[in-house]
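Just query-v2.cif here, mmCIF, C-alpha atoms:
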data_protein
#
loop_
_atom_site.group_PDB
_atom_site.id
_atom_site.type_symbol
_atom_site.label_atom_id
_atom_site.label_comp_id
_atom_site.auth_asym_id
_atom_site.auth_seq_id
_atom_site.Cartn_x
_atom_site.Cartn_y
_atom_site.Cartn_z
ATOM 1 C CA MET A 161 -0.318 -6.872 -29.948
ATOM 2 C CA ILE A 162 -0.468 -3.079 -29.705
ATOM 3 C CA VAL A 163 -2.299 -0.833 -32.137
ATOM 4 C CA PRO A 164 -1.244 -1.650 -35.721
ATOM 5 C CA GLY A 165 1.315 0.777 -36.988
ATOM 6 C CA SER A 166 2.060 2.317 -33.601
ATOM 7 C CA GLU A 167 5.412 0.534 -33.341
ATOM 8 C CA ASP A 168 6.485 2.453 -36.423
ATOM 9 C CA ARG A 169 6.002 5.711 -34.531
ATOM 10 C CA VAL A 170 7.463 4.729 -31.147
ATOM 11 C CA ALA A 171 10.561 2.612 -30.583
ATOM 12 C CA VAL A 172 9.851 -0.581 -28.639
ATOM 13 C CA GLN A 173 12.432 -2.461 -26.631
ATOM 14 C CA ARG A 174 11.955 -6.228 -26.495
ATOM 15 C CA ILE A 175 12.933 -8.470 -23.584
ATOM 16 C CA THR A 176 12.737 -12.189 -24.267
ATOM 17 C CA THR A 177 15.482 -13.465 -21.941
ATOM 18 C CA ARG A 178 16.649 -12.797 -18.401
ATOM 19 C CA ASN A 179 19.077 -10.188 -19.670
ATOM 20 C CA ALA A 180 20.659 -7.275 -17.797
ATOM 21 C CA ARG A 181 17.598 -5.033 -18.312
ATOM 22 C CA PHE A 182 15.278 -7.669 -16.914
ATOM 23 C CA GLN A 183 17.506 -8.143 -13.896
ATOM 24 C CA GLN A 184 17.499 -4.399 -13.333
ATOM 25 C CA LEU A 185 13.686 -4.422 -13.383
ATOM 26 C CA GLN A 186 13.708 -7.298 -10.898
ATOM 27 C CA THR A 187 15.707 -5.240 -8.418
ATOM 28 C CA LEU A 188 12.875 -2.694 -8.322
ATOM 29 C CA LEU A 189 10.733 -5.358 -6.674
ATOM 30 C CA HIS A 190 12.994 -6.406 -3.822
ATOM 31 C CA ASN A 191 16.061 -4.180 -3.527
ATOM 32 C CA ARG A 192 15.380 -0.900 -1.745
ATOM 33 C CA THR A 193 18.908 0.413 -2.226
ATOM 34 C CA LYS A 194 18.855 -0.098 -5.976
ATOM 35 C CA ARG A 195 15.357 1.382 -6.216
ATOM 36 C CA GLY A 196 16.689 4.479 -4.517
ATOM 37 C CA ARG A 197 19.740 4.725 -6.745
ATOM 38 C CA ALA A 198 17.606 4.382 -9.853
ATOM 39 C CA GLY A 199 15.048 6.853 -8.520
ATOM 40 C CA GLU A 200 12.211 4.702 -9.815
ATOM 41 C CA PHE A 201 9.812 1.977 -8.697
ATOM 42 C CA LEU A 202 7.551 -0.663 -10.217
ATOM 43 C CA VAL A 203 3.783 -0.166 -10.211
ATOM 44 C CA GLN A 204 1.409 -3.110 -10.576
ATOM 45 C CA GLY A 205 -2.338 -2.933 -11.184
ATOM 46 C CA VAL A 206 -4.755 -1.068 -13.426
ATOM 47 C CA ARG A 207 -5.970 1.432 -10.823
ATOM 48 C CA PRO A 208 -2.515 2.358 -9.429
ATOM 49 C CA ILE A 209 -1.093 2.866 -12.932
ATOM 50 C CA THR A 210 -4.128 4.907 -13.975
ATOM 51 C CA MET A 211 -3.853 7.043 -10.829
ATOM 52 C CA ALA A 212 -0.129 7.633 -11.432
ATOM 53 C CA VAL A 213 -0.868 8.989 -14.908
ATOM 54 C CA GLU A 214 -3.894 11.033 -13.806
ATOM 55 C CA HIS A 215 -1.940 12.685 -10.990
ATOM 56 C CA GLY A 216 0.951 13.667 -13.223
ATOM 57 C CA TRP A 217 3.668 11.277 -12.047
ATOM 58 C CA THR A 218 6.455 10.646 -14.555
ATOM 59 C CA VAL A 219 6.069 7.209 -16.117
ATOM 60 C CA ARG A 220 9.448 6.152 -17.464
ATOM 61 C CA SER A 221 8.548 2.772 -18.974
ATOM 62 C CA LEU A 222 5.496 0.647 -19.687
ATOM 63 C CA LEU A 223 5.996 -3.110 -19.781
ATOM 64 C CA TYR A 224 3.485 -5.300 -21.595
ATOM 65 C CA ASP A 225 3.007 -8.805 -22.970
ATOM 66 C CA ALA A 226 4.481 -9.050 -26.444
ATOM 67 C CA ASP A 227 2.312 -12.046 -27.375
ATOM 68 C CA ARG A 228 -1.266 -11.018 -26.641
ATOM 69 C CA PRO A 229 -3.663 -8.283 -27.796
ATOM 70 C CA LEU A 230 -4.004 -5.392 -25.397
ATOM 71 C CA SER A 231 -7.223 -3.991 -23.990
ATOM 72 C CA ARG A 232 -8.509 -0.564 -24.949
ATOM 73 C CA TRP A 233 -7.286 0.750 -21.564
ATOM 74 C CA ALA A 234 -3.758 -0.512 -22.207
ATOM 75 C CA GLU A 235 -3.647 0.811 -25.765
ATOM 76 C CA ASP A 236 -4.828 4.230 -24.591
ATOM 77 C CA LEU A 237 -2.255 4.185 -21.801
ATOM 78 C CA LEU A 238 0.562 3.451 -24.232
ATOM 79 C CA ARG A 239 -0.540 6.353 -26.415
ATOM 80 C CA ARG A 240 -0.989 8.871 -23.592
ATOM 81 C CA ALA A 241 1.877 8.154 -21.229
ATOM 82 C CA GLY A 242 4.724 9.090 -23.573
ATOM 83 C CA ALA A 243 6.900 6.488 -21.879
ATOM 84 C CA GLU A 244 9.377 3.943 -23.173
ATOM 85 C CA ARG A 245 7.600 0.795 -24.369
ATOM 86 C CA VAL A 246 8.960 -2.581 -23.369
ATOM 87 C CA ALA A 247 7.419 -5.696 -24.946
ATOM 88 C CA MET A 248 8.204 -8.687 -22.743
ATOM 89 C CA ALA A 249 8.013 -12.447 -22.963
ATOM 90 C CA PRO A 250 4.900 -13.545 -21.021
ATOM 91 C CA GLN A 251 6.774 -15.618 -18.435
ATOM 92 C CA LEU A 252 9.080 -12.701 -17.615
ATOM 93 C CA LEU A 253 6.201 -10.260 -17.269
ATOM 94 C CA ALA A 254 4.422 -12.757 -14.998
ATOM 95 C CA GLU A 255 7.470 -12.865 -12.746
ATOM 96 C CA LEU A 256 7.478 -9.088 -12.369
ATOM 97 C CA SER A 257 3.716 -9.086 -11.811
ATOM 98 C CA GLU A 258 4.016 -11.163 -8.623
ATOM 99 C CA LYS A 259 0.576 -12.652 -9.266
ATOM 100 C CA SER A 260 -0.371 -16.142 -8.181
ATOM 101 C CA GLU A 261 -1.904 -16.805 -11.602
ATOM 102 C CA GLY A 262 -1.024 -15.306 -14.958
ATOM 103 C CA ALA A 263 0.536 -11.929 -15.528
ATOM 104 C CA ALA A 264 -0.583 -8.351 -15.355
ATOM 105 C CA GLU A 265 -1.470 -6.805 -18.689
ATOM 106 C CA VAL A 266 0.774 -3.794 -18.125
ATOM 107 C CA LEU A 267 3.335 -2.793 -15.512
ATOM 108 C CA ALA A 268 4.766 0.703 -15.130
ATOM 109 C CA VAL A 269 8.149 1.999 -14.045
ATOM 110 C CA VAL A 270 7.512 5.356 -12.374
ATOM 111 C CA GLU A 271 9.908 8.057 -11.222
ATOM 112 C CA MET A 272 10.063 8.667 -7.468
ATOM 113 C CA ALA A 273 8.872 11.976 -6.051
ATOM 114 C CA PRO A 274 11.273 14.152 -4.033
ATOM 115 C CA ASP A 275 11.366 13.593 -0.270
ATOM 116 C CA SER A 276 10.570 17.216 0.459
ATOM 117 C CA LEU A 277 8.168 18.275 3.193
ATOM 118 C CA SER A 278 7.224 21.218 0.986
ATOM 119 C CA ARG A 279 5.061 18.739 -0.943
ATOM 120 C CA ILE A 280 2.694 18.728 2.053
ATOM 121 C CA ARG A 281 0.760 21.992 2.264
ATOM 122 C CA VAL A 282 -0.235 23.236 5.693
ATOM 123 C CA HIS A 283 -3.465 25.253 5.921
ATOM 124 C CA ASP A 284 -6.169 26.113 8.469
ATOM 125 C CA ALA A 285 -7.818 22.674 8.189
ATOM 126 C CA PHE A 286 -4.541 20.767 7.822
ATOM 127 C CA LEU A 287 -4.659 17.052 8.678
ATOM 128 C CA GLY A 288 -1.389 15.188 8.306
ATOM 129 C CA LEU A 289 0.122 11.966 9.578
ATOM 130 C CA VAL A 290 3.470 10.633 10.684
ATOM 131 C CA PHE A 291 4.147 6.883 10.707
ATOM 132 C CA ASP A 292 7.135 6.313 12.974
ATOM 133 C CA ARG A 293 9.487 3.456 11.994
ATOM 134 C CA PRO A 294 6.939 1.146 10.314
ATOM 135 C CA THR A 295 8.161 -2.383 9.646
ATOM 136 C CA GLN A 296 5.481 -3.533 7.198
ATOM 137 C CA PRO A 297 5.187 -1.839 3.786
ATOM 138 C CA GLY A 298 1.607 -3.074 3.526
ATOM 139 C CA ASN A 299 0.706 -1.011 6.595
ATOM 140 C CA ILE A 300 2.139 2.094 4.941
ATOM 141 C CA GLY A 301 -0.030 1.548 1.883
ATOM 142 C CA SER A 302 -3.128 0.906 3.988
ATOM 143 C CA ILE A 303 -2.595 4.142 5.908
ATOM 144 C CA VAL A 304 -2.129 6.059 2.649
ATOM 145 C CA ARG A 305 -5.436 4.621 1.456
ATOM 146 C CA SER A 306 -7.185 5.787 4.642
ATOM 147 C CA ALA A 307 -5.471 9.175 4.418
ATOM 148 C CA ASP A 308 -6.879 9.591 0.928
ATOM 149 C CA ALA A 309 -10.352 8.444 1.992
ATOM 150 C CA PHE A 310 -10.537 10.958 4.839
ATOM 151 C CA GLY A 311 -8.974 13.869 2.976
ATOM 152 C CA ALA A 312 -5.634 14.032 4.784
ATOM 153 C CA ASP A 313 -2.936 16.248 3.306
ATOM 154 C CA GLY A 314 0.014 13.880 3.457
ATOM 155 C CA LEU A 315 1.934 11.118 5.221
ATOM 156 C CA ILE A 316 5.480 11.357 6.577
ATOM 157 C CA VAL A 317 7.389 8.129 7.231
ATOM 158 C CA THR A 318 10.216 8.668 9.716
ATOM 159 C CA GLY A 319 13.215 6.762 10.977
ATOM 160 C CA HIS A 320 14.634 3.395 9.969
ATOM 161 C CA ALA A 321 11.500 2.067 8.324
ATOM 162 C CA ALA A 322 9.907 0.030 5.589
ATOM 163 C CA ASP A 323 10.007 1.657 2.170
ATOM 164 C CA PRO A 324 6.844 3.440 0.963
ATOM 165 C CA TYR A 325 7.968 2.666 -2.607
ATOM 166 C CA ASP A 326 7.994 -1.083 -1.969
ATOM 167 C CA PRO A 327 5.482 -2.697 -4.373
ATOM 168 C CA LYS A 328 3.602 -4.106 -1.349
ATOM 169 C CA SER A 329 3.032 -0.575 -0.080
ATOM 170 C CA VAL A 330 1.938 0.776 -3.453
ATOM 171 C CA ARG A 331 -0.429 -2.176 -4.001
ATOM 172 C CA ALA A 332 -1.966 -1.805 -0.530
ATOM 173 C CA SER A 333 -2.737 1.845 -1.243
ATOM 174 C CA THR A 334 -4.855 0.805 -4.269
ATOM 175 C CA GLY A 335 -3.624 3.867 -6.145
ATOM 176 C CA SER A 336 -3.989 6.427 -3.342
ATOM 177 C CA PHE A 337 -0.191 6.555 -3.126
ATOM 178 C CA PHE A 338 -0.303 8.821 -6.189
ATOM 179 C CA ALA A 339 -2.995 11.129 -4.776
ATOM 180 C CA VAL A 340 -1.563 11.774 -1.292
ATOM 181 C CA PRO A 341 1.977 13.121 -0.800
ATOM 182 C CA VAL A 342 4.153 10.527 0.962
ATOM 183 C CA VAL A 343 7.507 11.844 2.199
ATOM 184 C CA ARG A 344 10.347 9.938 3.855
ATOM 185 C CA GLY A 345 12.273 11.556 6.700
ATOM 186 C CA GLU A 346 15.442 10.302 8.347
ATOM 187 C CA SER A 347 14.282 11.223 11.848
ATOM 188 C CA HIS A 348 11.770 13.223 13.844
ATOM 189 C CA ARG A 349 14.132 16.212 13.878
ATOM 190 C CA GLU A 350 13.509 17.413 10.346
ATOM 191 C CA VAL A 351 9.747 17.115 10.878
ATOM 192 C CA VAL A 352 9.940 19.066 14.142
ATOM 193 C CA ASP A 353 11.999 21.747 12.387
ATOM 194 C CA TRP A 354 9.415 21.897 9.579
ATOM 195 C CA LEU A 355 6.623 22.257 12.140
ATOM 196 C CA GLY A 356 8.575 25.040 13.821
ATOM 197 C CA ARG A 357 8.752 26.962 10.549
ATOM 198 C CA GLU A 358 5.039 26.466 9.921
ATOM 199 C CA ARG A 359 4.167 27.623 13.434
ATOM 200 C CA ALA A 360 6.380 30.682 13.036
ATOM 201 C CA GLN A 361 4.253 31.632 10.024
ATOM 202 C CA GLY A 362 1.075 31.549 12.091
ATOM 203 C CA ARG A 363 -0.050 27.965 11.512
ATOM 204 C CA PRO A 364 -0.427 26.419 15.003
ATOM 205 C CA VAL A 365 -0.167 22.730 14.128
ATOM 206 C CA ALA A 366 -0.976 20.508 17.112
ATOM 207 C CA VAL A 367 1.012 17.263 17.340
ATOM 208 C CA VAL A 368 -1.200 14.419 18.545
ATOM 209 C CA GLY A 369 0.239 10.995 19.272
ATOM 210 C CA THR A 370 -1.705 7.749 19.611
ATOM 211 C CA ASP A 371 -0.987 5.225 22.329
ATOM 212 C CA GLU A 372 -2.988 2.726 24.388
ATOM 213 C CA GLY A 373 -1.879 4.650 27.492
ATOM 214 C CA GLY A 374 -2.892 8.066 26.154
ATOM 215 C CA GLU A 375 -3.891 10.875 28.474
ATOM 216 C CA SER A 376 -7.388 11.080 27.016
ATOM 217 C CA ASP A 377 -9.851 9.396 24.697
ATOM 218 C CA VAL A 378 -9.416 10.590 21.098
ATOM 219 C CA SER A 379 -13.073 11.660 21.013
ATOM 220 C CA GLU A 380 -12.456 14.061 23.926
ATOM 221 C CA LEU A 381 -9.721 16.081 22.205
ATOM 222 C CA ASP A 382 -10.483 19.117 20.055
ATOM 223 C CA LEU A 383 -9.065 18.300 16.621
ATOM 224 C CA THR A 384 -10.642 21.191 14.712
ATOM 225 C CA GLY A 385 -7.394 23.085 14.151
ATOM 226 C CA PRO A 386 -4.428 22.028 12.016
ATOM 227 C CA VAL A 387 -3.298 18.649 13.336
ATOM 228 C CA LEU A 388 -0.416 16.258 12.738
ATOM 229 C CA LEU A 389 -1.335 12.742 13.911
ATOM 230 C CA LEU A 390 1.404 10.331 14.977
ATOM 231 C CA ILE A 391 1.199 6.558 14.539
ATOM 232 C CA GLY A 392 3.915 4.525 16.216
ATOM 233 C CA ASN A 393 5.864 1.431 15.228
ATOM 234 C CA GLU A 394 3.695 -1.701 15.020
ATOM 235 C CA THR A 395 5.485 -3.347 17.976
ATOM 236 C CA THR A 396 7.021 -0.633 20.151
ATOM 237 C CA GLY A 397 4.732 2.318 19.473
ATOM 238 C CA LEU A 398 5.994 5.896 19.423
ATOM 239 C CA SER A 399 9.653 6.592 20.058
ATOM 240 C CA ALA A 400 10.662 8.587 23.139
ATOM 241 C CA ALA A 401 11.643 11.481 20.881
ATOM 242 C CA TRP A 402 8.219 11.617 19.250
ATOM 243 C CA ARG A 403 6.475 11.341 22.621
ATOM 244 C CA GLU A 404 8.400 14.374 23.765
ATOM 245 C CA ALA A 405 7.328 16.268 20.634
ATOM 246 C CA CYS A 406 3.628 15.553 21.239
ATOM 247 C CA ASP A 407 1.255 18.236 22.457
ATOM 248 C CA HIS A 408 -1.252 15.514 23.317
ATOM 249 C CA VAL A 409 -1.305 11.713 23.430
ATOM 250 C CA VAL A 410 -4.679 10.045 22.911
ATOM 251 C CA SER A 411 -5.975 6.508 23.100
ATOM 252 C CA ILE A 412 -8.691 4.661 21.202
ATOM 253 C CA PRO A 413 -11.296 3.142 23.538
ATOM 254 C CA MET A 414 -11.674 -0.610 23.045
ATOM 255 C CA THR A 415 -13.648 -3.463 24.531
ATOM 256 C CA GLY A 416 -12.848 -7.140 24.421
ATOM 257 C CA SER A 417 -9.517 -8.855 24.974
ATOM 258 C CA ALA A 418 -7.445 -7.106 22.288
ATOM 259 C CA SER A 419 -4.666 -4.980 23.768
ATOM 260 C CA SER A 420 -4.232 -2.775 20.700
ATOM 261 C CA LEU A 421 -5.208 -2.223 17.087
ATOM 262 C CA ASN A 422 -3.153 -2.817 13.975
ATOM 263 C CA ALA A 423 -1.327 0.410 13.074
ATOM 264 C CA SER A 424 -3.317 0.985 9.907
ATOM 265 C CA ASN A 425 -6.629 0.334 11.698
ATOM 266 C CA ALA A 426 -5.670 2.747 14.473
ATOM 267 C CA ALA A 427 -4.777 5.385 11.891
ATOM 268 C CA SER A 428 -8.154 4.937 10.189
ATOM 269 C CA VAL A 429 -10.057 5.374 13.455
ATOM 270 C CA VAL A 430 -8.177 8.544 14.416
ATOM 271 C CA LEU A 431 -8.437 9.990 10.901
ATOM 272 C CA TYR A 432 -12.174 9.384 10.929
ATOM 273 C CA GLU A 433 -12.517 11.057 14.327
ATOM 274 C CA ALA A 434 -10.447 14.042 13.203
ATOM 275 C CA ARG A 435 -12.245 14.502 9.909
ATOM 276 C CA LEU A 436 -15.664 14.321 11.586
ATOM 277 C CA LEU A 437 -14.763 17.428 13.542
ATOM 278 C CA TYR A 438 -13.712 19.517 10.543
ATOM 279 C CA PRO A 439 -16.385 21.690 8.941
ATOM 280 C CA SER A 440 -16.810 20.306 5.420
ATOM 281 C CA ASP A 441 -16.166 23.694 3.809
ATOM 282 C CA ALA A 442 -12.901 24.096 5.735
ATOM 283 C CA ALA A 443 -11.730 20.649 4.652
ATOM 284 C CA ASP A 444 -12.475 21.520 1.053
ATOM 285 C CA ASP A 445 -10.238 24.615 1.268
ATOM 286 C CA GLY A 446 -7.078 22.518 1.503
ATOM 287 C CA GLU A 447 -5.286 21.285 -1.605
ATOM 288 C CA ARG A 448 -2.867 18.413 -1.603
ATOM 289 C CA GLY A 449 0.656 18.977 -2.821
#

Can the structure from this file be put into structure tokens for me?
Amino acid sequence: MIVPGSEDRVAVQRITTRNARFQQLQTLLHNRTKRGRAGEFLVQGVRPITMAVEHGWTVRSLLYDADRPLSRWAEDLLRRAGAERVAMAPQLLAELSEKSEGAAEVLAVVEMAPDSLSRIRVHDAFLGLVFDRPTQPGNIGSIVRSADAFGADGLIVTGHAADPYDPKSVRASTGSFFAVPVVRGESHREVVDWLGRERAQGRPVAVVGTDEGGESDVSELDLTGPVLLLIGNETTGLSAAWREACDHVVSIPMTGSASSLNASNAASVVLYEARLLYPSDAADDGERG
């Protein structure tokens, strides 16, 4: 149950059957097209929901178990978020939770952010990433998590790709999705045009691709200026168009029998290498959009 008397102040919708509203919520889990049309996505987990609220994302609805007392965190969330409240039958909430056992205490329906490159601010110590045509949403989320850990300014997902708003992506980011701007782009062209505008304003962003056949070891390249790092598709690597756009292509030295690293692991290594080379005071000058 929620705080006594609070239902008198805020209208609560109740879902006890697999009605039209429940089916609409279900589509947010698995149907990318309908997620896009609705302009919203489902967020699972205490930390991701907390991060969404703390970073000012618009929470449209909060879904919770109608039959059990809520924790202090959940009660505070319901008071603070100013969102629609939806009390659900436990078995329906469990289905939306996608947990192997039980159900989440609270789920959130959050409004998508605009896919505008202006959300990513370029500055003297800029460190951004492009993930070209990823196929696994979990890899997107893992890269967002690493981007957050190493102070990157944003991630751009280009081409026909997995959806960053897929619940698997948001879960894999462990909440960092709400701290680091993630922007979807139809192709490399709009990113190249954006870079051209930034360069014309005196911000010489270097485009650095990663590939096992790179021209140099990543540790040998000067990454102290503004840099946009490119991570290729998990199977085929960087597209020909992105290769052409690169100022440099670097490789990660490896030993053993592995031919390559997982895309998210490769991104973490290159981010770490790049961030090591930034003076700490320069990195602190940048603010994420």

I'd like the contact shell of Pro327 of chain A - 10 Å cut-off, all atoms listed in the file, skipping same-chain residues fewer than 2 positions apart - returned as a list in words. Leu188, Leu189, His190, Phe201, Leu202, Val203, Gln204, Ser257, Glu258, Pro297, Gly298, Gly301, Asp323, Pro324, Tyr325, Ser329, Val330, Arg331, Ala332 and Ser333 of chain A

Selection above as a file: C-alpha atoms, as a PDB file, keeping the file's coordinate frame:
ATOM      1  CA  LEU A 188      12.875  -2.694  -8.322  1.00  0.00           C
ATOM      2  CA  LEU A 189      10.733  -5.358  -6.674  1.00  0.00           C
ATOM      3  CA  HIS A 190      12.994  -6.406  -3.822  1.00  0.00           C
ATOM      4  CA  PHE A 201       9.812   1.977  -8.697  1.00  0.00           C
ATOM      5  CA  LEU A 202       7.551  -0.663 -10.217  1.00  0.00           C
ATOM      6  CA  VAL A 203       3.783  -0.166 -10.211  1.00  0.00           C
ATOM      7  CA  GLN A 204       1.409  -3.110 -10.576  1.00  0.00           C
ATOM      8  CA  SER A 257       3.716  -9.086 -11.811  1.00  0.00           C
ATOM      9  CA  GLU A 258       4.016 -11.163  -8.623  1.00  0.00           C
ATOM     10  CA  PRO A 297       5.187  -1.839   3.786  1.00  0.00           C
ATOM     11  CA  GLY A 298       1.607  -3.074   3.526  1.00  0.00           C
ATOM     12  CA  GLY A 301      -0.030   1.548   1.883  1.00  0.00           C
ATOM     13  CA  ASP A 323      10.007   1.657   2.170  1.00  0.00           C
ATOM     14  CA  PRO A 324       6.844   3.440   0.963  1.00  0.00           C
ATOM     15  CA  TYR A 325       7.968   2.666  -2.607  1.00  0.00           C
ATOM     16  CA  SER A 329       3.032  -0.575  -0.080  1.00  0.00           C
ATOM     17  CA  VAL A 330       1.938   0.776  -3.453  1.00  0.00           C
ATOM     18  CA  ARG A 331      -0.429  -2.176  -4.001  1.00  0.00           C
ATOM     19  CA  ALA A 332      -1.966  -1.805  -0.530  1.00  0.00           C
ATOM     20  CA  SER A 333      -2.737   1.845  -1.243  1.00  0.00           C
TER      21      SER A 333
END

Distance atom CA of His348 of chain A-atom CA of Ala360 of chain A, one decimal place? 18.3 Å

Under the PyMOL selection byres ((chain A and resi 218) around 10), which residues of this model are included? Write them out as a list in words.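 The output of the PyMOL selection byres ((chain A and resi 218) around 10) on this file is Glu200, Ala212, Val213, His215, Gly216, Trp217, Val219, Arg220, Ser221, Ala241, Gly242, Ala243, Val269, Val270, Glu271, Met272 and Ala273 of chain A.
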
Keeping only C-alpha atoms, write those residues as a compact mmCIF listing (two decimals), in the frame of the given file.
# COMPACT_ATOMS: atom_id res chain seq x y z
CA GLU A 200 12.21 4.70 -9.82
CA ALA A 212 -0.13 7.63 -11.43
CA VAL A 213 -0.87 8.99 -14.91
CA HIS A 215 -1.94 12.68 -10.99
CA GLY A 216 0.95 13.67 -13.22
CA TRP A 217 3.67 11.28 -12.05
CA VAL A 219 6.07 7.21 -16.12
CA ARG A 220 9.45 6.15 -17.46
CA SER A 221 8.55 2.77 -18.97
CA ALA A 241 1.88 8.15 -21.23
CA GLY A 242 4.72 9.09 -23.57
CA ALA A 243 6.90 6.49 -21.88
CA VAL A 269 8.15 2.00 -14.04
CA VAL A 270 7.51 5.36 -12.37
CA GLU A 271 9.91 8.06 -11.22
CA MET A 272 10.06 8.67 -7.47
CA ALA A 273 8.87 11.98 -6.05

I'd like to know which of A:Gln184, A:Thr370, A:Asn299, A:Thr210 is closest to Ala339 of chain A, using all atoms listed in the file.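 Looking at the shortest contact to Ala339 of chain A, the residue is A:Thr210.
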
For segment 421-424 of chain A: contacts at 10 Å, all atoms listed in the file, fewer than 2 positions along chain excluded, given as an MDAnalysis selection string: chainID A and resid 291 294 296 298:306 370 372 391:395 397 412 414 418:419 426:429

For each of A:Leu238, A:Val352, A:Val246, A:Leu388, take the minimum atom-to-atom distance to Gly369 of chain A, counting all atoms listed in the file, then give the residue where this is smallest. A:Leu388
